[in-house]
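Asker: Provided below: coords_12.cif, containing mmCIF, C-alpha atoms.
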```cif
data_input
loop_
_atom_site.label_atom_id
_atom_site.label_comp_id
_atom_site.auth_asym_id
_atom_site.auth_seq_id
_atom_site.Cartn_x
_atom_site.Cartn_y
_atom_site.Cartn_z
CA MET A 1 0.00 0.00 0.00
CA THR A 2 1.41 3.40 -1.06
CA SER A 3 1.29 6.13 1.54
CA SER A 4 -0.05 9.57 0.62
CA PRO A 5 2.60 12.28 0.10
CA LEU A 6 3.04 14.74 2.94
CA PRO A 7 1.62 18.24 2.38
CA ALA A 8 4.05 20.82 1.09
CA ARG A 9 5.22 23.62 3.37
CA VAL A 10 5.91 27.28 2.79
CA VAL A 11 8.68 29.67 3.77
CA LEU A 12 7.26 33.17 4.12
CA LEU A 13 9.83 35.75 3.03
CA THR A 14 9.20 39.37 3.95
CA GLY A 15 11.11 42.59 4.52
CA PRO A 16 10.83 46.24 3.54
CA SER A 17 10.12 47.06 -0.10
CA GLY A 18 13.44 46.94 -1.94
CA SER A 19 15.19 44.70 0.59
CA GLY A 20 15.96 42.03 -2.03
CA LYS A 21 13.20 39.48 -1.40
CA SER A 22 12.53 38.61 -5.04
CA SER A 23 16.19 38.18 -5.99
CA LEU A 24 16.88 36.05 -2.91
CA ALA A 25 13.83 33.87 -3.55
CA ALA A 26 14.97 33.33 -7.15
CA ARG A 27 18.40 32.17 -5.94
CA THR A 28 16.88 29.31 -3.94
CA GLY A 29 15.69 27.40 -7.01
CA LEU A 30 12.39 26.76 -5.21
CA PRO A 31 8.96 27.67 -6.63
CA VAL A 32 8.14 31.27 -5.68
CA LEU A 33 4.64 32.62 -5.09
CA ARG A 34 4.51 36.41 -5.57
CA LEU A 35 2.33 37.79 -2.81
CA ASP A 36 2.25 41.22 -4.52
CA ASP A 37 -0.22 39.68 -6.99
CA PHE A 38 -2.80 39.71 -4.20
CA TYR A 39 -2.94 43.52 -3.96
CA LYS A 40 -6.41 45.07 -4.15
CA GLU A 41 -7.26 46.94 -7.33
CA GLY A 42 -6.93 50.71 -7.53
CA ASP A 43 -10.69 51.33 -7.56
CA ASP A 44 -11.35 49.28 -4.42
CA PRO A 45 -13.19 51.56 -1.95
CA THR A 46 -11.47 49.88 1.03
CA LEU A 47 -7.99 51.04 0.01
CA PRO A 48 -6.31 53.09 2.78
CA LEU A 49 -4.75 56.52 2.26
CA VAL A 50 -1.47 57.86 3.58
CA THR A 51 -2.15 60.12 6.56
CA ASP A 52 -2.69 63.76 5.50
CA SER A 53 -2.39 62.82 1.83
CA THR A 54 -4.44 61.74 -1.17
CA ASP A 55 -1.89 58.99 -1.96
CA ILE A 56 -3.07 55.39 -1.62
CA ASP A 57 -1.05 53.67 1.07
CA TRP A 58 0.18 50.60 -0.81
CA ASP A 59 2.41 49.77 2.18
CA SER A 60 -0.55 49.18 4.47
CA PRO A 61 -1.76 45.58 4.89
CA LEU A 62 -5.26 46.96 4.25
CA SER A 63 -4.26 47.38 0.58
CA TRP A 64 -3.78 43.63 0.26
CA ASP A 65 -6.10 40.58 0.17
CA ALA A 66 -4.70 38.38 2.93
CA ASP A 67 -7.60 35.92 2.77
CA ALA A 68 -6.99 35.17 -0.91
CA ALA A 69 -3.24 34.78 -0.31
CA VAL A 70 -3.76 32.31 2.54
CA ALA A 71 -6.30 30.35 0.49
CA ALA A 72 -3.81 30.04 -2.37
CA ILE A 73 -1.00 28.92 -0.05
CA SER A 74 -3.29 26.36 1.60
CA GLU A 75 -4.37 24.94 -1.74
CA LEU A 76 -0.77 24.76 -2.97
CA CYS A 77 0.24 22.84 0.14
CA ARG A 78 -2.69 20.42 -0.22
CA THR A 79 -2.82 19.88 -3.97
CA GLY A 80 0.40 21.27 -5.47
CA ARG A 81 -1.37 23.84 -7.63
CA THR A 82 -3.70 26.82 -7.53
CA ASN A 83 -4.91 29.74 -9.62
CA VAL A 84 -3.41 33.13 -8.79
CA PRO A 85 -4.15 36.65 -10.03
CA VAL A 86 -1.71 38.48 -12.29
CA TYR A 87 -1.34 42.03 -10.97
CA ASP A 88 0.04 45.04 -12.83
CA ILE A 89 1.51 47.45 -10.27
CA ALA A 90 1.76 50.31 -12.78
CA THR A 91 -2.00 50.32 -13.38
CA SER A 92 -2.98 49.01 -9.91
CA ALA A 93 -5.14 46.35 -11.51
CA ARG A 94 -5.46 42.62 -11.94
CA VAL A 95 -4.89 41.88 -15.62
CA GLY A 96 -5.66 38.18 -15.58
CA SER A 97 -5.00 34.96 -13.74
CA GLU A 98 -2.73 31.99 -14.20
CA SER A 99 -2.17 28.50 -12.89
CA PHE A 100 0.70 28.19 -10.42
CA ALA A 101 2.08 24.75 -9.59
CA ILE A 102 4.80 23.43 -7.31
CA ASP A 103 4.40 19.88 -8.68
CA ARG A 104 5.99 17.44 -6.24
CA THR A 105 8.25 19.99 -4.56
CA PRO A 106 7.77 19.72 -0.78
CA LEU A 107 8.74 23.35 -0.14
CA PHE A 108 8.06 26.70 -1.78
CA VAL A 109 8.63 30.37 -1.01
CA ALA A 110 5.89 33.01 -0.72
CA GLU A 111 7.47 36.46 -0.80
CA GLY A 112 6.10 39.95 -0.32
CA ILE A 113 6.03 42.91 2.04
CA PHE A 114 2.93 41.56 3.79
CA ALA A 115 4.12 37.98 4.27
CA ALA A 116 4.55 38.49 8.01
CA ASP A 117 0.85 39.31 8.32
CA ILE A 118 -0.05 35.68 7.55
CA VAL A 119 2.60 33.93 9.66
CA ALA A 120 0.14 33.02 12.41
CA ARG A 121 -2.49 31.78 9.98
CA CYS A 122 -0.03 29.57 8.08
CA ALA A 123 1.25 28.21 11.40
CA GLU A 124 -2.31 27.38 12.47
CA LEU A 125 -2.84 25.53 9.18
CA GLY A 126 0.30 23.49 9.85
CA VAL A 127 2.00 24.53 6.59
CA LEU A 128 4.66 26.95 7.84
CA ALA A 129 8.28 25.84 7.51
CA ASP A 130 9.86 29.20 8.38
CA ALA A 131 9.25 32.97 8.25
CA LEU A 132 12.09 35.33 7.40
CA CYS A 133 12.44 39.10 7.30
CA LEU A 134 15.32 40.58 5.28
CA ARG A 135 16.91 43.61 6.87
CA GLY A 136 19.73 45.92 5.79
CA ARG A 137 20.69 49.59 5.67
CA PRO A 138 17.70 51.88 5.05
CA SER A 139 19.76 54.05 2.66
CA THR A 140 20.71 51.00 0.58
CA THR A 141 17.13 49.80 0.51
CA PHE A 142 15.99 53.27 -0.59
CA ARG A 143 18.39 53.33 -3.55
CA ARG A 144 17.59 49.77 -4.60
CA ARG A 145 13.84 50.33 -4.35
CA LEU A 146 13.88 53.61 -6.26
CA ALA A 147 16.06 52.22 -9.07
CA ARG A 148 13.75 49.20 -9.46
CA ASP A 149 10.54 51.22 -9.37
CA LEU A 150 11.81 53.76 -11.90
CA ARG A 151 13.09 51.00 -14.19
CA GLU A 152 9.76 49.21 -14.10
CA GLY A 153 7.67 52.38 -14.27
CA ARG A 154 5.64 51.28 -11.27
CA LYS A 155 4.21 54.69 -10.37
CA SER A 156 4.83 58.37 -11.13
CA VAL A 157 8.23 59.79 -10.17
CA PRO A 158 6.82 62.22 -7.54
CA PHE A 159 4.84 59.40 -5.94
CA LEU A 160 7.91 57.13 -5.86
CA LEU A 161 10.04 59.82 -4.26
CA ARG A 162 7.42 60.59 -1.60
CA ARG A 163 6.95 56.90 -0.86
CA GLY A 164 10.68 56.17 -0.87
CA TRP A 165 11.48 58.94 1.63
CA ARG A 166 8.61 57.86 3.89
CA LEU A 167 9.68 54.20 3.81
CA MET A 168 13.34 55.00 4.47
CA ARG A 169 12.42 56.87 7.65
CA ALA A 170 10.05 54.06 8.71
CA GLU A 171 12.24 51.08 7.77
CA ARG A 172 13.39 50.10 11.26
CA ALA A 173 9.80 50.27 12.51
CA ILE A 174 8.68 48.15 9.54
CA VAL A 175 11.22 45.45 10.40
CA ALA A 176 10.22 45.60 14.08
CA ARG A 177 6.57 45.10 13.16
CA GLN A 178 7.33 42.15 10.89
CA THR A 179 9.43 40.44 13.54
CA SER A 180 6.68 41.02 16.12
CA LEU A 181 4.38 39.07 13.82
CA GLY A 182 6.72 36.08 13.87
CA ALA A 183 9.27 36.63 11.08
CA HIS A 184 12.95 36.11 11.92
CA ALA A 185 15.02 39.19 11.00
CA CYS A 186 18.25 38.33 9.19
CA ASP A 187 20.57 39.25 6.34
CA LYS A 188 20.59 37.45 3.00
CA GLN A 189 23.32 34.99 3.97
CA GLU A 190 21.48 33.79 7.06
CA ALA A 191 18.22 33.67 5.13
CA LEU A 192 19.77 31.39 2.51
CA GLY A 193 21.06 29.13 5.27
CA ARG A 194 17.63 28.84 6.86
CA LEU A 195 16.03 28.20 3.48
CA THR A 196 18.53 25.41 2.86
CA SER A 197 17.68 23.99 6.27
CA ALA A 198 13.96 24.16 5.52
CA ALA A 199 14.50 22.42 2.18
CA ALA A 200 16.21 19.61 4.10
CA GLY A 201 13.07 19.15 6.13
CA HIS A 202 13.84 21.16 9.25
CA VAL A 203 10.97 23.34 10.47
CA HIS A 204 11.80 26.48 12.44
CA ARG A 205 9.21 27.20 15.10
CA THR A 206 7.71 30.68 15.18
CA PRO A 207 7.68 32.71 18.40
CA ALA A 208 4.75 32.30 20.77
CA ASN A 209 3.41 35.75 19.89
CA ALA A 210 3.23 34.94 16.16
#
```
Output the file's structure as structure tokens, nothing else.
Answerer:
Amino acid sequence: MTSSPLPARVVLLTGPSGSGKSSLAARTGLPVLRLDDFYKEGDDPTLPLVTDSTDIDWDSPLSWDADAAVAAISELCRTGRTNVPVYDIATSARVGSESFAIDRTPLFVAEGIFAADIVARCAELGVLADALCLRGRPSTTFRRRLARDLREGRKSVPFLLRRGWRLMRAERAIVARQTSLGAHACDKQEALGRLTSAAAGHVHRTPANA
């Protein structure tokens, strides 16, 4: 009698915007679920605004559909595949959907700035292998983020500059919040080591307050 395969597990990879999450995830060789594709659309009336501004606060968890992200992760862990939205950041809109599969891979990475917000829920579902938060120098993150956003034409230049300055000043608080939600703060080298450990089947327990 053949035993059923064990459910897959996920490593949640978070960190401030521009901290290098996508490039690090790509280096692992594991399937990568882009959590940015679960942003709400620009005409959603529930989108939050930056305090004392008319700018949409895309760095608030309220701009993101956590329920849909958790549902996709759960289905991936159970079945190995799911349908995910395709989101265009420049137009703040979902432009389609696509099938995402991890096949028989027992581990995958879900990366995005809101990954820490679903640490507790993934732990409760029994699918969490680890949760990591990349941290570095705020000035380096600012330069990396701005160069990427300008290259990709994500938003208008004035918006990107306002957002970049605000995020640079808030970066240490952002990391503190993500770690309080259960993500382990580390640099890229340590993160790669923990990802390698998770791929070998070792599960890192999240803090009690996660």
Asker: Take the PyMOL selection byres ((chain A and resi 63-71) around 7), run it mentally on this structure, and tell me the resulting residues as a PyMOL selection string.
Answerer: chain A and resi 35+38-40+47-48+58+60-62+72-75
Asker: Could you write out as a list in words the residues that the PyMOL selection byres ((chain A and resi 174-188) around 8) matches in the shown file?
Answerer: Thr14, Gly15, Pro16, Leu24, Ala116, Asp117, Val119, Ala120, Asp130, Ala131, Leu132, Cys133, Leu134, Arg135, Gly136, Ala170, Glu171, Arg172, Ala173, Gln189, Glu190, Ala191, Leu192, Thr206, Pro207, Asn209 and Ala210 of chain A
Asker: Which residue is closest to Pro138 in chain A? Choose from A:Ala200, A:Met168, A:Cys122, A:Ala26 and count all atoms listed in the file.
Answerer: A:Met168
Asker: Return the single residue from A:Leu146, A:Leu30, A:Ala123, A:Ala25 that is closest to Phe159 in chain A, with distances computed using all atoms listed in the file.
Answerer: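 Closest residue, counting all atoms listed in the file: A:Leu146.
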Asker: Counting all atoms listed in the file, which residue out of A:Leu161, A:Asp149, A:Gly80, A:Arg144 sits closest to Pro7 in chain A?
Answerer: A:Gly80
Asker: How many Å lie between CA of Gly42 in chain A and CA of Ile56 in chain A, rounded to one decimal?
Answerer: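 Computing the Euclidean distance for CA of Gly42 in chain A and CA of Ile56 in chain A yields 8.5 Å.
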Asker: Which residue, A:Asp37, A:Ser53, A:Gly201, A:Ala147, has the smallest gap to Val95 in chain A when you use all atoms listed in the file?
Answerer: A:Asp37
Asker: Enter the distance from CA of Thr54 in chain A to CA of Arg148 in chain A, in Å, rounded to one decimal.
Answerer: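 We find that CA of Thr54 in chain A and CA of Arg148 in chain A lie 23.6 Å from each other.
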Asker: Which distance in Å separates CA of Arg166 in chain A and CA of Arg145 in chain A, to one decimal?
Answerer: 12.3 Å
Asker: Taking only C-alpha atoms into account, name the residue in A:Asp36, A:Arg27, A:Leu160, A:Ser99 that is nearest to Tyr87 in chain A.
Answerer: A:Asp36
Asker: Please determine, counting only C-alpha atoms, which residue among A:Val32, A:Val50, A:Ala198, A:Val84 has the shortest atom-to-atom distance to Leu128 in chain A.
Answerer: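 Of the candidates, the smallest distance to Leu128 in chain A is held by A:Ala198.
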Asker: Assuming the input is short of atoms at range 30-59 of chain A, produce N, CA and C atoms for that part as a PDB file, in the frame of the given file.
Answerer:
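Written file, out.pdb:
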```
ATOM      1  N   LEU A  30      13.691  27.263  -5.617  1.00  0.00           N
ATOM      2  CA  LEU A  30      12.390  26.760  -5.210  1.00  0.00           C
ATOM      3  C   LEU A  30      11.278  27.503  -5.953  1.00  0.00           C
ATOM      4  N   PRO A  31      10.086  26.915  -6.069  1.00  0.00           N
ATOM      5  CA  PRO A  31       8.960  27.670  -6.630  1.00  0.00           C
ATOM      6  C   PRO A  31       8.687  28.898  -5.765  1.00  0.00           C
ATOM      7  N   VAL A  32       8.342  30.014  -6.405  1.00  0.00           N
ATOM      8  CA  VAL A  32       8.140  31.270  -5.680  1.00  0.00           C
ATOM      9  C   VAL A  32       6.753  31.832  -5.996  1.00  0.00           C
ATOM     10  N   LEU A  33       5.942  31.992  -4.969  1.00  0.00           N
ATOM     11  CA  LEU A  33       4.640  32.620  -5.090  1.00  0.00           C
ATOM     12  C   LEU A  33       4.788  34.103  -4.791  1.00  0.00           C
ATOM     13  N   ARG A  34       4.390  34.965  -5.728  1.00  0.00           N
ATOM     14  CA  ARG A  34       4.510  36.410  -5.570  1.00  0.00           C
ATOM     15  C   ARG A  34       3.280  36.932  -4.829  1.00  0.00           C
ATOM     16  N   LEU A  35       3.455  37.314  -3.598  1.00  0.00           N
ATOM     17  CA  LEU A  35       2.330  37.790  -2.810  1.00  0.00           C
ATOM     18  C   LEU A  35       1.850  39.177  -3.249  1.00  0.00           C
ATOM     19  N   ASP A  36       2.687  39.922  -3.992  1.00  0.00           N
ATOM     20  CA  ASP A  36       2.250  41.220  -4.520  1.00  0.00           C
ATOM     21  C   ASP A  36       1.077  41.071  -5.479  1.00  0.00           C
ATOM     22  N   ASP A  37       0.898  39.885  -6.059  1.00  0.00           N
ATOM     23  CA  ASP A  37      -0.220  39.680  -6.990  1.00  0.00           C
ATOM     24  C   ASP A  37      -1.569  39.671  -6.284  1.00  0.00           C
ATOM     25  N   PHE A  38      -1.547  39.711  -4.956  1.00  0.00           N
ATOM     26  CA  PHE A  38      -2.800  39.710  -4.200  1.00  0.00           C
ATOM     27  C   PHE A  38      -3.165  41.118  -3.692  1.00  0.00           C
ATOM     28  N   TYR A  39      -2.523  42.156  -4.262  1.00  0.00           N
ATOM     29  CA  TYR A  39      -2.940  43.520  -3.960  1.00  0.00           C
ATOM     30  C   TYR A  39      -4.388  43.739  -4.408  1.00  0.00           C
ATOM     31  N   LYS A  40      -5.088  44.639  -3.707  1.00  0.00           N
ATOM     32  CA  LYS A  40      -6.410  45.070  -4.150  1.00  0.00           C
ATOM     33  C   LYS A  40      -6.250  45.969  -5.374  1.00  0.00           C
ATOM     34  N   GLU A  41      -7.322  46.088  -6.149  1.00  0.00           N
ATOM     35  CA  GLU A  41      -7.260  46.940  -7.330  1.00  0.00           C
ATOM     36  C   GLU A  41      -7.456  48.411  -6.959  1.00  0.00           C
ATOM     37  N   GLY A  42      -6.982  49.283  -7.826  1.00  0.00           N
ATOM     38  CA  GLY A  42      -6.930  50.710  -7.530  1.00  0.00           C
ATOM     39  C   GLY A  42      -8.271  51.367  -7.297  1.00  0.00           C
ATOM     40  N   ASP A  43      -9.368  50.748  -7.768  1.00  0.00           N
ATOM     41  CA  ASP A  43     -10.690  51.330  -7.560  1.00  0.00           C
ATOM     42  C   ASP A  43     -11.429  50.718  -6.368  1.00  0.00           C
ATOM     43  N   ASP A  44     -10.726  49.903  -5.582  1.00  0.00           N
ATOM     44  CA  ASP A  44     -11.350  49.280  -4.420  1.00  0.00           C
ATOM     45  C   ASP A  44     -11.623  50.347  -3.354  1.00  0.00           C
ATOM     46  N   PRO A  45     -12.869  50.500  -2.912  1.00  0.00           N
ATOM     47  CA  PRO A  45     -13.190  51.560  -1.950  1.00  0.00           C
ATOM     48  C   PRO A  45     -12.576  51.346  -0.561  1.00  0.00           C
ATOM     49  N   THR A  46     -12.054  50.152  -0.289  1.00  0.00           N
ATOM     50  CA  THR A  46     -11.470  49.880   1.030  1.00  0.00           C
ATOM     51  C   THR A  46      -9.990  50.231   1.096  1.00  0.00           C
ATOM     52  N   LEU A  47      -9.412  50.711  -0.001  1.00  0.00           N
ATOM     53  CA  LEU A  47      -7.990  51.040   0.010  1.00  0.00           C
ATOM     54  C   LEU A  47      -7.703  52.178   0.994  1.00  0.00           C
ATOM     55  N   PRO A  48      -6.650  52.033   1.806  1.00  0.00           N
ATOM     56  CA  PRO A  48      -6.310  53.090   2.780  1.00  0.00           C
ATOM     57  C   PRO A  48      -5.504  54.203   2.123  1.00  0.00           C
ATOM     58  N   LEU A  49      -5.529  55.380   2.726  1.00  0.00           N
ATOM     59  CA  LEU A  49      -4.750  56.520   2.260  1.00  0.00           C
ATOM     60  C   LEU A  49      -3.630  56.823   3.242  1.00  0.00           C
ATOM     61  N   VAL A  50      -2.541  57.369   2.720  1.00  0.00           N
ATOM     62  CA  VAL A  50      -1.470  57.860   3.580  1.00  0.00           C
ATOM     63  C   VAL A  50      -2.026  59.020   4.406  1.00  0.00           C
ATOM     64  N   THR A  51      -1.673  59.064   5.673  1.00  0.00           N
ATOM     65  CA  THR A  51      -2.150  60.120   6.560  1.00  0.00           C
ATOM     66  C   THR A  51      -1.839  61.511   5.997  1.00  0.00           C
ATOM     67  N   ASP A  52      -2.840  62.381   5.986  1.00  0.00           N
ATOM     68  CA  ASP A  52      -2.690  63.760   5.500  1.00  0.00           C
ATOM     69  C   ASP A  52      -2.259  63.820   4.040  1.00  0.00           C
ATOM     70  N   SER A  53      -2.769  62.880   3.237  1.00  0.00           N
ATOM     71  CA  SER A  53      -2.390  62.820   1.830  1.00  0.00           C
ATOM     72  C   SER A  53      -3.525  62.194   1.028  1.00  0.00           C
ATOM     73  N   THR A  54      -3.490  62.405  -0.280  1.00  0.00           N
ATOM     74  CA  THR A  54      -4.440  61.740  -1.170  1.00  0.00           C
ATOM     75  C   THR A  54      -3.819  60.488  -1.802  1.00  0.00           C
ATOM     76  N   ASP A  55      -2.563  60.180  -1.433  1.00  0.00           N
ATOM     77  CA  ASP A  55      -1.890  58.990  -1.960  1.00  0.00           C
ATOM     78  C   ASP A  55      -2.479  57.721  -1.346  1.00  0.00           C
ATOM     79  N   ILE A  56      -2.696  56.700  -2.163  1.00  0.00           N
ATOM     80  CA  ILE A  56      -3.070  55.390  -1.620  1.00  0.00           C
ATOM     81  C   ILE A  56      -1.874  54.815  -0.888  1.00  0.00           C
ATOM     82  N   ASP A  57      -2.130  54.252   0.277  1.00  0.00           N
ATOM     83  CA  ASP A  57      -1.050  53.670   1.070  1.00  0.00           C
ATOM     84  C   ASP A  57      -0.873  52.204   0.687  1.00  0.00           C
ATOM     85  N   TRP A  58      -0.065  51.967  -0.336  1.00  0.00           N
ATOM     86  CA  TRP A  58       0.180  50.600  -0.810  1.00  0.00           C
ATOM     87  C   TRP A  58       1.085  49.822   0.140  1.00  0.00           C
ATOM     88  N   ASP A  59       1.574  50.452   1.194  1.00  0.00           N
ATOM     89  CA  ASP A  59       2.410  49.770   2.180  1.00  0.00           C
ATOM     90  C   ASP A  59       1.622  49.374   3.416  1.00  0.00           C
TER      91      ASP A  59
END
```
